[in-house]
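Engineer: So that you have it, the file is entry_31.csv, and it contains CSV, C-alpha atoms and all ligand atoms:
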chain,number,residue,atom,x,y,z
A,19,MET,CA,19.2,-1.7,-6.3
A,20,THR,CA,18.7,-5.4,-6.0
A,21,ALA,CA,17.7,-7.5,-2.9
A,22,THR,CA,20.2,-10.0,-1.6
A,23,THR,CA,19.5,-13.6,-2.5
A,24,GLN,CA,18.6,-16.0,0.4
A,25,THR,CA,20.9,-19.0,0.8
A,26,ALA,CA,18.3,-21.4,2.4
A,27,PRO,CA,14.5,-21.0,2.2
A,28,LEU,CA,13.1,-19.2,5.3
A,29,PHE,CA,9.8,-21.1,5.0
A,30,LYS,CA,8.7,-24.5,3.9
A,31,ARG,CA,5.4,-23.4,2.6
A,32,ILE,CA,4.0,-19.9,2.1
A,33,ALA,CA,0.2,-19.6,1.6
A,34,LEU,CA,-1.0,-16.5,-0.1
A,35,ILE,CA,-4.7,-15.7,0.4
A,36,GLY,CA,-5.6,-13.2,-2.3
A,37,PHE,CA,-3.6,-12.6,-5.4
A,38,GLY,CA,-3.7,-9.0,-6.6
A,39,LEU,CA,-1.0,-6.4,-6.8
A,40,ILE,CA,0.4,-7.2,-3.4
A,41,GLY,CA,-0.1,-11.0,-3.3
A,42,GLY,CA,1.2,-11.3,-6.8
A,43,SER,CA,4.3,-9.1,-6.0
A,44,ILE,CA,5.1,-11.2,-2.9
A,45,ALA,CA,4.8,-14.4,-4.9
A,46,ARG,CA,7.0,-13.2,-7.7
A,47,GLY,CA,9.7,-11.8,-5.3
A,48,ALA,CA,9.6,-14.8,-3.0
A,49,ARG,CA,10.1,-17.1,-5.9
A,50,ILE,CA,13.0,-15.2,-7.4
A,51,GLN,CA,14.7,-14.9,-3.9
A,52,GLY,CA,14.0,-18.5,-3.0
A,53,LEU,CA,12.3,-17.5,0.3
A,54,ALA,CA,10.2,-20.7,0.5
A,55,SER,CA,10.4,-24.3,-0.6
A,56,GLU,CA,6.8,-24.0,-1.8
A,57,ILE,CA,4.5,-21.2,-2.6
A,58,VAL,CA,0.8,-21.9,-2.7
A,59,ALA,CA,-2.0,-19.4,-3.4
A,60,THR,CA,-5.7,-19.0,-3.5
A,61,ALA,CA,-8.1,-16.2,-4.4
A,62,ARG,CA,-11.8,-15.6,-3.9
A,63,SER,CA,-12.9,-15.9,-7.5
A,64,ALA,CA,-12.5,-18.8,-9.9
A,65,ALA,CA,-11.4,-16.3,-12.6
A,66,THR,CA,-8.5,-15.1,-10.5
A,67,ARG,CA,-7.5,-18.6,-9.5
A,68,ALA,CA,-7.5,-19.7,-13.1
A,69,ARG,CA,-5.3,-16.7,-14.1
A,70,VAL,CA,-2.9,-17.4,-11.2
A,71,ALA,CA,-2.5,-21.0,-12.4
A,72,GLU,CA,-1.9,-19.7,-16.0
A,73,LEU,CA,0.8,-17.3,-14.8
A,74,GLY,CA,2.7,-20.2,-13.4
A,75,ILE,CA,4.3,-18.1,-10.6
A,76,VAL,CA,3.2,-20.3,-7.7
A,77,ASP,CA,3.7,-24.0,-7.2
A,78,ARG,CA,0.0,-24.8,-6.5
A,79,VAL,CA,-3.3,-22.9,-6.8
A,80,LEU,CA,-5.9,-24.1,-4.3
A,81,GLU,CA,-9.6,-23.8,-4.4
A,82,SER,CA,-10.3,-22.8,-0.8
A,83,ASN,CA,-8.6,-20.8,2.0
A,84,ALA,CA,-8.8,-23.9,4.2
A,85,GLU,CA,-6.8,-26.0,1.7
A,86,ALA,CA,-4.3,-23.2,1.1
A,87,VAL,CA,-3.3,-22.8,4.7
A,88,ALA,CA,-3.0,-26.5,5.6
A,89,GLY,CA,0.7,-27.2,6.4
A,90,ALA,CA,1.9,-23.7,5.7
A,91,ASP,CA,4.4,-22.1,8.1
A,92,LEU,CA,3.7,-18.6,6.7
A,93,VAL,CA,0.2,-17.5,5.8
A,94,ILE,CA,-0.3,-14.0,4.4
A,95,LEU,CA,-3.7,-12.4,3.8
A,96,CYS,CA,-3.4,-10.2,0.7
A,97,ILE,CA,-7.0,-9.0,0.6
A,98,PRO,CA,-9.0,-5.9,1.5
A,99,VAL,CA,-8.8,-5.1,5.2
A,100,ALA,CA,-12.5,-5.4,5.9
A,101,ALA,CA,-12.3,-9.1,4.9
A,102,SER,CA,-9.5,-10.0,7.3
A,103,GLY,CA,-11.7,-11.0,10.2
A,104,ASP,CA,-13.9,-13.3,8.2
A,105,VAL,CA,-11.0,-15.0,6.5
A,106,ALA,CA,-9.2,-15.4,9.9
A,107,ARG,CA,-12.3,-17.1,11.3
A,108,GLU,CA,-12.4,-19.4,8.2
A,109,ILE,CA,-8.8,-20.5,8.3
A,110,ALA,CA,-8.4,-20.7,12.1
A,111,PRO,CA,-9.2,-24.5,12.4
A,112,HIS,CA,-6.9,-25.4,9.5
A,113,LEU,CA,-3.7,-23.6,10.6
A,114,ALA,CA,-0.6,-25.5,11.4
A,115,PRO,CA,0.7,-25.1,15.0
A,116,GLY,CA,3.5,-22.6,15.1
A,117,ALA,CA,2.5,-20.9,11.8
A,118,ILE,CA,3.1,-17.2,11.3
A,119,VAL,CA,-0.1,-15.5,10.2
A,120,SER,CA,0.3,-12.1,8.7
A,121,ASP,CA,-1.4,-9.7,6.3
A,122,VAL,CA,-0.5,-6.7,4.1
A,123,GLY,CA,-3.4,-4.4,4.9
A,124,SER,CA,-3.0,-0.6,4.8
A,125,VAL,CA,-4.7,-0.3,8.2
A,126,LYS,CA,-3.4,-2.2,11.2
A,127,GLY,CA,-5.4,-1.6,14.4
A,128,SER,CA,-8.7,-2.9,13.1
A,129,VAL,CA,-7.1,-5.8,11.3
A,130,LEU,CA,-5.2,-6.9,14.4
A,131,ARG,CA,-8.3,-6.8,16.5
A,132,ALA,CA,-10.5,-8.6,13.8
A,133,MET,CA,-7.9,-11.4,13.3
A,134,ALA,CA,-6.8,-11.9,16.9
A,135,GLU,CA,-10.3,-12.7,17.9
A,136,HIS,CA,-10.4,-15.8,15.8
A,137,LEU,CA,-6.9,-17.2,15.7
A,138,PRO,CA,-5.8,-20.1,18.0
A,139,ALA,CA,-3.1,-19.4,20.6
A,140,ASN,CA,-0.6,-21.8,19.0
A,141,VAL,CA,0.0,-19.6,15.9
A,142,HIS,CA,1.9,-16.2,15.7
A,143,LEU,CA,-0.2,-13.3,14.5
A,144,ILE,CA,2.1,-10.6,13.1
A,145,PRO,CA,0.3,-8.0,11.0
A,146,ALA,CA,2.4,-6.2,8.3
A,147,HIS,CA,2.0,-3.3,5.9
A,148,PRO,CA,4.4,-3.0,2.9
A,149,VAL,CA,4.3,0.8,2.2
A,150,ALA,CA,4.6,0.2,-1.5
A,151,GLY,CA,2.1,0.1,-4.3
A,152,THR,CA,0.7,1.4,-7.5
A,153,GLU,CA,-2.8,2.3,-8.7
A,154,ASN,CA,-3.1,-1.0,-10.5
A,155,SER,CA,-4.8,-4.2,-9.1
A,156,GLY,CA,-5.4,-7.8,-10.1
A,157,PRO,CA,-3.2,-10.8,-10.6
A,158,ASP,CA,-1.3,-9.4,-13.6
A,159,SER,CA,-0.4,-6.1,-11.8
A,160,GLY,CA,2.3,-7.4,-9.4
A,161,PHE,CA,6.0,-7.3,-10.0
A,162,ALA,CA,8.9,-8.7,-8.0
A,163,GLU,CA,10.7,-5.4,-7.5
A,164,LEU,CA,7.7,-3.6,-5.9
A,165,PHE,CA,9.1,-3.8,-2.3
A,166,ILE,CA,12.8,-3.0,-3.0
A,167,ASN,CA,14.0,0.0,-0.9
A,168,ARG,CA,10.4,0.5,0.4
A,169,TRP,CA,9.4,0.2,4.0
A,170,CYS,CA,7.5,-2.7,5.5
A,171,ILE,CA,6.0,-2.0,8.9
A,172,LEU,CA,5.4,-4.9,11.2
A,173,THR,CA,2.9,-4.4,14.1
A,174,PRO,CA,3.2,-7.4,16.4
A,175,PRO,CA,0.8,-7.4,19.3
A,176,ASP,CA,2.1,-7.2,22.9
A,177,GLY,CA,3.9,-10.4,23.9
A,178,ALA,CA,4.5,-11.6,20.3
A,179,ASP,CA,7.2,-14.2,19.9
A,180,ALA,CA,10.5,-12.4,19.1
A,181,ASP,CA,11.8,-15.2,16.8
A,182,ALA,CA,8.7,-15.2,14.8
A,183,VAL,CA,8.8,-11.4,14.4
A,184,GLU,CA,12.5,-11.7,13.3
A,185,LYS,CA,11.6,-14.4,10.8
A,186,LEU,CA,8.9,-12.4,9.2
A,187,ALA,CA,11.2,-9.3,9.1
A,188,ALA,CA,13.9,-11.5,7.4
A,189,PHE,CA,11.2,-12.5,4.8
A,190,TRP,CA,10.4,-8.9,4.0
A,191,ARG,CA,14.1,-8.0,3.9
A,192,GLY,CA,14.5,-10.9,1.4
A,193,LEU,CA,11.9,-9.1,-0.8
A,194,GLY,CA,14.1,-6.0,-0.7
A,195,ALA,CA,12.2,-4.0,1.9
A,196,ASN,CA,13.5,-2.2,4.9
A,197,VAL,CA,11.6,-3.3,8.1
A,198,GLU,CA,10.3,-1.1,10.9
A,199,ILE,CA,8.4,-2.3,13.9
A,200,MET,CA,5.7,-0.2,15.7
A,201,THR,CA,2.4,-0.5,17.4
A,202,ALA,CA,-0.7,-0.9,15.2
A,203,ASP,CA,-2.2,2.3,16.6
A,204,HIS,CA,0.9,4.3,15.9
A,205,HIS,CA,1.1,2.9,12.3
A,206,ASP,CA,-2.5,4.0,11.7
A,207,LYS,CA,-1.8,7.6,12.8
A,208,VAL,CA,1.4,7.9,10.7
A,209,LEU,CA,-0.3,6.4,7.6
A,210,ALA,CA,-3.3,8.6,8.1
A,211,VAL,CA,-1.2,11.6,7.2
A,212,THR,CA,1.3,10.0,4.7
A,213,SER,CA,-1.1,7.9,2.7
A,214,HIS,CA,-4.8,8.0,3.7
A,215,LEU,CA,-5.2,11.8,3.8
A,216,PRO,CA,-3.4,12.3,0.4
A,217,HIS,CA,-5.7,9.7,-1.2
A,218,LEU,CA,-8.8,11.5,0.3
A,219,ILE,CA,-7.5,14.8,-1.1
A,220,ALA,CA,-6.9,13.3,-4.5
A,221,TYR,CA,-10.3,11.6,-4.6
A,222,THR,CA,-11.9,15.0,-3.6
A,223,ILE,CA,-10.0,17.2,-6.1
A,224,VAL,CA,-10.5,14.9,-9.0
A,225,GLY,CA,-14.3,14.6,-8.2
A,226,THR,CA,-14.5,18.4,-7.8
A,227,ALA,CA,-13.0,19.0,-11.3
A,228,GLU,CA,-15.4,16.4,-12.7
A,229,GLU,CA,-18.4,18.3,-11.4
A,230,LEU,CA,-17.3,21.8,-12.0
A,231,GLU,CA,-19.7,24.0,-13.9
A,232,GLY,CA,-18.2,26.3,-16.6
A,233,VAL,CA,-15.2,24.2,-17.2
A,234,THR,CA,-15.7,21.3,-19.6
A,235,ARG,CA,-14.5,17.8,-19.0
A,236,SER,CA,-12.3,17.9,-22.1
A,237,GLU,CA,-10.6,21.1,-20.8
A,238,VAL,CA,-9.9,19.3,-17.5
A,239,LEU,CA,-8.2,16.4,-19.3
A,240,LYS,CA,-6.5,18.6,-21.9
A,241,PHE,CA,-4.8,21.0,-19.4
A,242,SER,CA,-4.2,18.4,-16.7
A,243,ALA,CA,-0.4,18.7,-16.9
A,244,GLY,CA,-0.8,21.9,-14.8
A,245,GLY,CA,-0.9,19.6,-11.7
A,246,PHE,CA,-4.2,17.8,-11.9
A,247,ARG,CA,-2.9,14.7,-13.5
A,248,ASP,CA,-0.5,13.9,-10.6
A,249,PHE,CA,-3.6,13.7,-8.4
A,250,THR,CA,-5.4,11.4,-11.0
A,251,ARG,CA,-2.9,8.7,-10.5
A,252,ILE,CA,-3.7,8.4,-6.8
A,253,ALA,CA,-7.4,8.9,-7.4
A,254,ALA,CA,-7.4,5.9,-9.8
A,255,SER,CA,-6.6,3.6,-6.9
A,256,ASP,CA,-8.8,0.6,-6.1
A,257,PRO,CA,-12.2,1.8,-4.8
A,258,THR,CA,-12.8,-1.3,-2.6
A,259,MET,CA,-9.4,-1.1,-0.9
A,260,TRP,CA,-9.8,2.6,-0.2
A,261,ARG,CA,-13.4,2.4,1.0
A,262,ASP,CA,-12.1,-0.1,3.5
A,263,VAL,CA,-9.2,2.1,4.6
A,264,PHE,CA,-11.5,5.0,5.4
A,265,LEU,CA,-14.0,2.8,7.2
A,266,THR,CA,-11.4,1.0,9.3
A,267,ASN,CA,-9.1,3.9,10.1
A,268,LYS,CA,-11.8,6.4,10.8
A,269,ASP,CA,-10.5,8.0,14.0
A,270,ALA,CA,-7.0,8.7,12.8
A,271,VAL,CA,-8.2,10.0,9.4
A,272,LEU,CA,-10.7,12.3,11.0
A,273,GLU,CA,-8.0,13.6,13.4
A,274,MET,CA,-5.6,14.4,10.4
A,275,LEU,CA,-8.5,15.8,8.4
A,276,GLY,CA,-9.2,18.3,11.2
A,277,GLU,CA,-5.5,19.4,11.1
A,278,PHE,CA,-5.7,19.7,7.4
A,279,GLN,CA,-8.9,21.7,7.4
A,280,GLU,CA,-7.3,24.2,9.8
A,281,ASP,CA,-4.2,24.6,7.6
A,282,LEU,CA,-6.4,25.0,4.5
A,283,SER,CA,-8.4,27.7,6.3
A,284,LYS,CA,-5.0,29.5,7.1
A,285,LEU,CA,-4.0,29.4,3.4
A,286,THR,CA,-7.5,30.5,2.3
A,287,ARG,CA,-7.2,33.5,4.6
A,288,ALA,CA,-3.8,34.3,3.3
A,289,ILE,CA,-5.1,34.3,-0.3
A,290,ARG,CA,-8.2,36.4,0.6
A,291,ARG,CA,-6.0,39.0,2.4
A,292,GLY,CA,-3.3,39.0,-0.3
A,293,ASP,CA,-0.7,37.9,2.3
A,294,GLY,CA,2.1,36.9,-0.1
A,295,GLU,CA,4.6,36.5,2.7
A,296,ALA,CA,2.4,33.8,4.5
A,297,LEU,CA,2.0,31.9,1.2
A,298,PHE,CA,5.7,32.1,0.3
A,299,ASP,CA,6.8,30.9,3.8
A,300,HIS,CA,4.4,28.0,3.6
A,301,PHE,CA,5.4,26.9,0.1
A,302,SER,CA,9.1,27.2,1.0
A,303,ARG,CA,8.6,24.9,4.0
A,304,THR,CA,6.8,22.3,1.9
A,305,ARG,CA,9.5,22.3,-0.8
A,306,THR,CA,12.0,21.1,1.8
A,307,ILE,CA,9.8,18.0,2.4
A,308,ARG,CA,10.1,17.0,-1.2
A,309,ARG,CA,13.9,17.4,-1.1
A,310,GLY,CA,14.0,15.3,2.1
A,311,ILE,CA,12.1,12.4,0.4
A,312,VAL,CA,14.6,12.4,-2.5
A,313,GLU,CA,17.6,12.6,-0.1
A,314,ILE,CA,16.5,9.5,1.8
A,315,GLY,CA,16.0,7.6,-1.5
A,316,GLN,CA,12.2,7.3,-1.4
A,317,ASP,CA,11.9,9.0,-4.8
A,318,GLU,CA,14.0,9.9,-7.9
A,319,ALA,CA,15.5,13.3,-8.1
A,320,ALA,CA,14.5,13.6,-11.8
A,321,PRO,CA,12.2,16.5,-12.4
A,322,ASP,CA,8.5,15.9,-13.1
A,323,PHE,CA,8.8,12.3,-11.6
A,324,GLY,CA,11.2,11.5,-14.5
A,325,ARG,CA,8.6,11.6,-17.2
A,326,LYS,CA,10.0,11.5,-20.7
A,327,HIS,CA,9.6,14.6,-22.8
A,328,ALA,CA,9.3,14.4,-26.6
A,329,ALA,CA,12.3,15.9,-28.5
A,330,LEU,CA,11.7,18.9,-30.7
A,331,GLN,CA,12.0,18.2,-34.4
A,332,ARG,CA,14.6,20.3,-36.2
A,333,PRO,CA,12.9,22.2,-39.1
A,334,ALA,CA,13.9,20.7,-42.5
A,335,GLU,CA,16.9,22.7,-43.9
B,1,LIG,P1,-6.1,-6.3,-5.4
B,1,LIG,O1,-5.0,-6.2,-6.5
B,1,LIG,O2,-7.4,-5.7,-5.7
B,1,LIG,O3,-6.3,-7.8,-5.0
B,1,LIG,C1,-7.1,-8.2,-3.9
B,1,LIG,C2,-7.2,-9.7,-3.8
B,1,LIG,O4,-8.2,-9.9,-2.7
B,1,LIG,C3,-7.8,-10.4,-5.0
B,1,LIG,O5,-7.2,-11.7,-5.1
B,1,LIG,C4,-9.3,-10.6,-4.6
B,1,LIG,O6,-9.9,-11.7,-5.1
B,1,LIG,C5,-9.2,-10.7,-3.1
B,1,LIG,N1,-10.5,-10.3,-2.4
B,1,LIG,C6,-11.2,-9.2,-2.6
B,1,LIG,N2,-12.2,-9.1,-1.8
B,1,LIG,C7,-12.2,-10.2,-1.0
B,1,LIG,C8,-13.0,-10.7,0.1
B,1,LIG,N3,-14.0,-10.0,0.5
B,1,LIG,N4,-12.6,-11.9,0.6
B,1,LIG,C9,-11.5,-12.5,0.2
B,1,LIG,N5,-10.7,-12.1,-0.8
B,1,LIG,C10,-11.0,-11.0,-1.4
B,1,LIG,O7,-5.6,-5.6,-4.1
B,1,LIG,P2,-4.1,-5.2,-3.6
B,1,LIG,O8,-3.8,-3.9,-4.1
B,1,LIG,O9,-3.2,-6.4,-3.7
B,1,LIG,O10,-4.5,-5.0,-2.0
B,1,LIG,C11,-4.5,-6.1,-1.1
B,1,LIG,C12,-4.2,-5.5,0.3
B,1,LIG,O11,-3.0,-4.9,0.3
B,1,LIG,C13,-5.3,-4.5,0.8
B,1,LIG,O12,-5.5,-4.8,2.2
B,1,LIG,C14,-4.5,-3.2,0.8
B,1,LIG,O13,-4.9,-2.4,1.8
B,1,LIG,C15,-3.1,-3.7,0.9
B,1,LIG,N6,-2.1,-2.8,0.3
B,1,LIG,C16,-2.3,-2.3,-1.0
B,1,LIG,C17,-1.4,-1.4,-1.6
B,1,LIG,C18,-1.6,-0.9,-2.9
B,1,LIG,O14,-1.0,0.1,-3.3
B,1,LIG,N7,-2.5,-1.4,-3.7
B,1,LIG,C19,-0.2,-1.1,-0.9
B,1,LIG,C20,0.0,-1.7,0.4
B,1,LIG,C21,-0.9,-2.5,0.9
B,1,LIG,P3,-10.5,-11.8,-6.6
B,1,LIG,O15,-9.5,-11.4,-7.5
B,1,LIG,O16,-10.9,-13.2,-6.7
B,1,LIG,O17,-11.7,-10.8,-6.5
Step by step, read the file and then write its structure as structure tokens.
Structural biologist:
Amino acid sequence: MTATTQTAPLFKRIALIGFGLIGGSIARGARIQGLASEIVATARSAATRARVAELGIVDRVLESNAEAVAGADLVILCIPVAASGDVAREIAPHLAPGAIVSDVGSVKGSVLRAMAEHLPANVHLIPAHPVAGTENSGPDSGFAELFINRWCILTPPDGADADAVEKLAAFWRGLGANVEIMTADHHDKVLAVTSHLPHLIAYTIVGTAEELEGVTRSEVLKFSAGGFRDFTRIAASDPTMWRDVFLTNKDAVLEMLGEFQEDLSKLTRAIRRGDGEALFDHFSRTRTIRRGIVEIGQDEAAPDFGRKHAALQRPAE
């Protein structure tokens, strides 16, 4: 599937603050789709800024956040969520009146509160979360197709300007995403179960295997195709990003974790009691969830995530 090409640029100048997987993917996609007349970027470290300049994806790489946002009609923070408040405070005096200020953080309530506190009344704060990603980070990890057919959730605060919300939605649709609008608190609850809890479980299980007595590390790696390796992809996700997610979406994650622990106890009891019917019923219900994800086009139907399997060699005649 490809995203439709814009006829006229939606924005005069987009400023990307942070250039990792998400910032880099936005830059690549926006450039291909012609969503802005100019794309400028900055990043915290000189090393990343130098690499972004080398990649040649954006029109200009600027040294500071203040310089980057000057004259921009769309500013997107593509940085860890815990840094959003400080960066909002830093850019606030330099923002152009009427600019849309957004972000891509995986948590929305805390980001909205942290940024709103600092921004002037003459800009439009519209937080966003593209529900798309990989376990890779850094300026080289982005790709233009990342958002195609994925959802981008916008969480405008009460009273947000409808035209500004629609303009940002059009931008994300231009990158190939489907757009949904909800409150920040609802977003955090939904994502706690669809993203944050699965990451916590993956981080836990991979850590458990690592520390297990009586099973060697080489055995864990060697026999990982039994299921373990699918958790390792998620558990390889960026430690800074995920530390921030759990610190900033604490309440919703703890609520979901409580539900999860209850369900785990039920399954533990079924195993202990040899209750095959309970296990079979539970596993049958979960199987339909996987089918549902494939049916709505959020994953491939190919078995084993479409991994390639080596061909058997015919024995020599
Ligand atoms: P990334 O590849 O690690 O890039 C992070 C960028 O933020 C880098 O340019 C980094 O600068 C900069 N940065 C790090 N700490 C900073 C700080 N304290 N102040 C200012 N800049 C800082 O991360 P990413 O995967 O693109 O994630 C960025 C945001 O997207 C996060 O909020 C995350 O929750 C959200 N998100 C991620 C995914 C995913 O799957 N990865 C999916 C959806 C949303 P340097 O390179 O100079 O250190």
Engineer: If the limit is 6 Å from any atom of ligand LIG 1 (chain B), counting only C-alpha atoms and all ligand atoms, which residues qualify? Return them as a PDB file with C-alpha atoms, in the frame of the given file.
Structural biologist:
ATOM      1  CA  GLY A  36      -5.600 -13.200  -2.300  1.00  0.00           C
ATOM      2  CA  PHE A  37      -3.600 -12.600  -5.400  1.00  0.00           C
ATOM      3  CA  GLY A  38      -3.700  -9.000  -6.600  1.00  0.00           C
ATOM      4  CA  LEU A  39      -1.000  -6.400  -6.800  1.00  0.00           C
ATOM      5  CA  ILE A  40       0.400  -7.200  -3.400  1.00  0.00           C
ATOM      6  CA  GLY A  41      -0.100 -11.000  -3.300  1.00  0.00           C
ATOM      7  CA  ALA A  61      -8.100 -16.200  -4.400  1.00  0.00           C
ATOM      8  CA  ARG A  62     -11.800 -15.600  -3.900  1.00  0.00           C
ATOM      9  CA  SER A  63     -12.900 -15.900  -7.500  1.00  0.00           C
ATOM     10  CA  THR A  66      -8.500 -15.100 -10.500  1.00  0.00           C
ATOM     11  CA  CYS A  96      -3.400 -10.200   0.700  1.00  0.00           C
ATOM     12  CA  ILE A  97      -7.000  -9.000   0.600  1.00  0.00           C
ATOM     13  CA  PRO A  98      -9.000  -5.900   1.500  1.00  0.00           C
ATOM     14  CA  VAL A  99      -8.800  -5.100   5.200  1.00  0.00           C
ATOM     15  CA  ALA A 101     -12.300  -9.100   4.900  1.00  0.00           C
ATOM     16  CA  VAL A 122      -0.500  -6.700   4.100  1.00  0.00           C
ATOM     17  CA  GLY A 123      -3.400  -4.400   4.900  1.00  0.00           C
ATOM     18  CA  SER A 124      -3.000  -0.600   4.800  1.00  0.00           C
ATOM     19  CA  HIS A 147       2.000  -3.300   5.900  1.00  0.00           C
ATOM     20  CA  PRO A 148       4.400  -3.000   2.900  1.00  0.00           C
ATOM     21  CA  VAL A 149       4.300   0.800   2.200  1.00  0.00           C
ATOM     22  CA  ALA A 150       4.600   0.200  -1.500  1.00  0.00           C
ATOM     23  CA  GLY A 151       2.100   0.100  -4.300  1.00  0.00           C
ATOM     24  CA  THR A 152       0.700   1.400  -7.500  1.00  0.00           C
ATOM     25  CA  SER A 155      -4.800  -4.200  -9.100  1.00  0.00           C
ATOM     26  CA  GLY A 156      -5.400  -7.800 -10.100  1.00  0.00           C
ATOM     27  CA  MET A 259      -9.400  -1.100  -0.900  1.00  0.00           C
TER      28      MET A 259
END
Engineer: If we count only C-alpha atoms and set the cut-off at 12 Å, which residues sit around region 182-187 of chain A, ignoring sequence neighbours fewer than 3 positions away in its own chain? Please answer as a PDB file with C-alpha atoms, in the coordinates of the input.
Structural biologist:
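And here is the file that came out, result-v6.pdb:
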ATOM      1  CA  PRO A  27      14.500 -21.000   2.200  1.00  0.00           C
ATOM      2  CA  LEU A  28      13.100 -19.200   5.300  1.00  0.00           C
ATOM      3  CA  PHE A  29       9.800 -21.100   5.000  1.00  0.00           C
ATOM      4  CA  ILE A  32       4.000 -19.900   2.100  1.00  0.00           C
ATOM      5  CA  LEU A  53      12.300 -17.500   0.300  1.00  0.00           C
ATOM      6  CA  ASP A  91       4.400 -22.100   8.100  1.00  0.00           C
ATOM      7  CA  LEU A  92       3.700 -18.600   6.700  1.00  0.00           C
ATOM      8  CA  VAL A  93       0.200 -17.500   5.800  1.00  0.00           C
ATOM      9  CA  ILE A  94      -0.300 -14.000   4.400  1.00  0.00           C
ATOM     10  CA  GLY A 116       3.500 -22.600  15.100  1.00  0.00           C
ATOM     11  CA  ALA A 117       2.500 -20.900  11.800  1.00  0.00           C
ATOM     12  CA  ILE A 118       3.100 -17.200  11.300  1.00  0.00           C
ATOM     13  CA  VAL A 119      -0.100 -15.500  10.200  1.00  0.00           C
ATOM     14  CA  SER A 120       0.300 -12.100   8.700  1.00  0.00           C
ATOM     15  CA  ASP A 121      -1.400  -9.700   6.300  1.00  0.00           C
ATOM     16  CA  VAL A 141       0.000 -19.600  15.900  1.00  0.00           C
ATOM     17  CA  HIS A 142       1.900 -16.200  15.700  1.00  0.00           C
ATOM     18  CA  LEU A 143      -0.200 -13.300  14.500  1.00  0.00           C
ATOM     19  CA  ILE A 144       2.100 -10.600  13.100  1.00  0.00           C
ATOM     20  CA  PRO A 145       0.300  -8.000  11.000  1.00  0.00           C
ATOM     21  CA  ALA A 146       2.400  -6.200   8.300  1.00  0.00           C
ATOM     22  CA  HIS A 147       2.000  -3.300   5.900  1.00  0.00           C
ATOM     23  CA  PRO A 148       4.400  -3.000   2.900  1.00  0.00           C
ATOM     24  CA  TRP A 169       9.400   0.200   4.000  1.00  0.00           C
ATOM     25  CA  CYS A 170       7.500  -2.700   5.500  1.00  0.00           C
ATOM     26  CA  ILE A 171       6.000  -2.000   8.900  1.00  0.00           C
ATOM     27  CA  LEU A 172       5.400  -4.900  11.200  1.00  0.00           C
ATOM     28  CA  THR A 173       2.900  -4.400  14.100  1.00  0.00           C
ATOM     29  CA  PRO A 174       3.200  -7.400  16.400  1.00  0.00           C
ATOM     30  CA  PRO A 175       0.800  -7.400  19.300  1.00  0.00           C
ATOM     31  CA  ASP A 176       2.100  -7.200  22.900  1.00  0.00           C
ATOM     32  CA  GLY A 177       3.900 -10.400  23.900  1.00  0.00           C
ATOM     33  CA  ALA A 178       4.500 -11.600  20.300  1.00  0.00           C
ATOM     34  CA  ASP A 179       7.200 -14.200  19.900  1.00  0.00           C
ATOM     35  CA  TRP A 190      10.400  -8.900   4.000  1.00  0.00           C
ATOM     36  CA  ARG A 191      14.100  -8.000   3.900  1.00  0.00           C
ATOM     37  CA  GLY A 192      14.500 -10.900   1.400  1.00  0.00           C
ATOM     38  CA  LEU A 193      11.900  -9.100  -0.800  1.00  0.00           C
ATOM     39  CA  GLY A 194      14.100  -6.000  -0.700  1.00  0.00           C
ATOM     40  CA  ALA A 195      12.200  -4.000   1.900  1.00  0.00           C
ATOM     41  CA  ASN A 196      13.500  -2.200   4.900  1.00  0.00           C
ATOM     42  CA  VAL A 197      11.600  -3.300   8.100  1.00  0.00           C
ATOM     43  CA  GLU A 198      10.300  -1.100  10.900  1.00  0.00           C
ATOM     44  CA  ILE A 199       8.400  -2.300  13.900  1.00  0.00           C
ATOM     45  CA  MET A 200       5.700  -0.200  15.700  1.00  0.00           C
TER      46      MET A 200
END
Engineer: What gap, in Å, lies between CA of Ile219 (chain A) and CA of Asp281 (chain A)?
Structural biologist: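 The value is 13.5 Å.
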Engineer: Considering all atoms listed in the file, state which residue in the set A:Asp203, A:Glu318, A:Glu335, A:Asp262 is at the smallest distance from Lys126 (chain A).
Structural biologist: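 Nearest to Lys126 (chain A): A:Asp203.
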Engineer: At what distance in Å, to one decimal, does CA of Phe246 (chain A) lie from CA of Val233 (chain A)?
Structural biologist: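 Distance between the two atoms: 13.8 Å.
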Engineer: Can you work out the spacing between CA of Ser255 (chain A) and CA of Asn267 (chain A) in Å, to one decimal?
Structural biologist: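 Straight-line distance from CA of Ser255 (chain A) to CA of Asn267 (chain A) works out to 17.2 Å.
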Engineer: So that I can see what lies close to region 321-325 of chain A, please list as a list in words the residues with an atom at most 12 Å from it, counting all atoms listed in the file and leaving out residues fewer than 3 positions away in the same chain.
Structural biologist: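 In the requested format, the answer is Ala243, Gly244, Gly245, Arg247, Asp248, Arg308, Arg309, Val312, Gln316, Asp317, Glu318 and Ala328 of chain A.
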Engineer: Applying 10 Å and all atoms listed in the file, which residues near Phe264 (chain A) remain after dropping the ones on its own chain fewer than 2 positions away? List them as number ranges by chain.
Structural biologist: A: 125, 210, 214-215, 217-218, 259-262, 266-272
Engineer: Pick out the closest residue to Phe189 (chain A) from this set: A:Val58, A:Gly276, A:Asn83, A:Phe165. Count all atoms listed in the file.
Structural biologist: A:Phe165
Engineer: Applying 9 Å and all atoms listed in the file, which residues near Val70 (chain A) remain after dropping the ones on its own chain fewer than 3 positions away? List them as a list in words.
Structural biologist: Phe37, Gly42, Ala59, Thr60, Ala61, Ala65, Thr66, Arg67, Leu73, Gly74, Ile75, Val76, Val79, Pro157 and Asp158 of chain A
Engineer: Calculated over only C-alpha atoms, which of the candidates A:Ala162, A:Leu113, A:Leu297, A:Leu285 has the smallest distance to Arg46 (chain A)?
Structural biologist: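 Using only C-alpha atoms, the shortest distance to Arg46 (chain A) belongs to A:Ala162.
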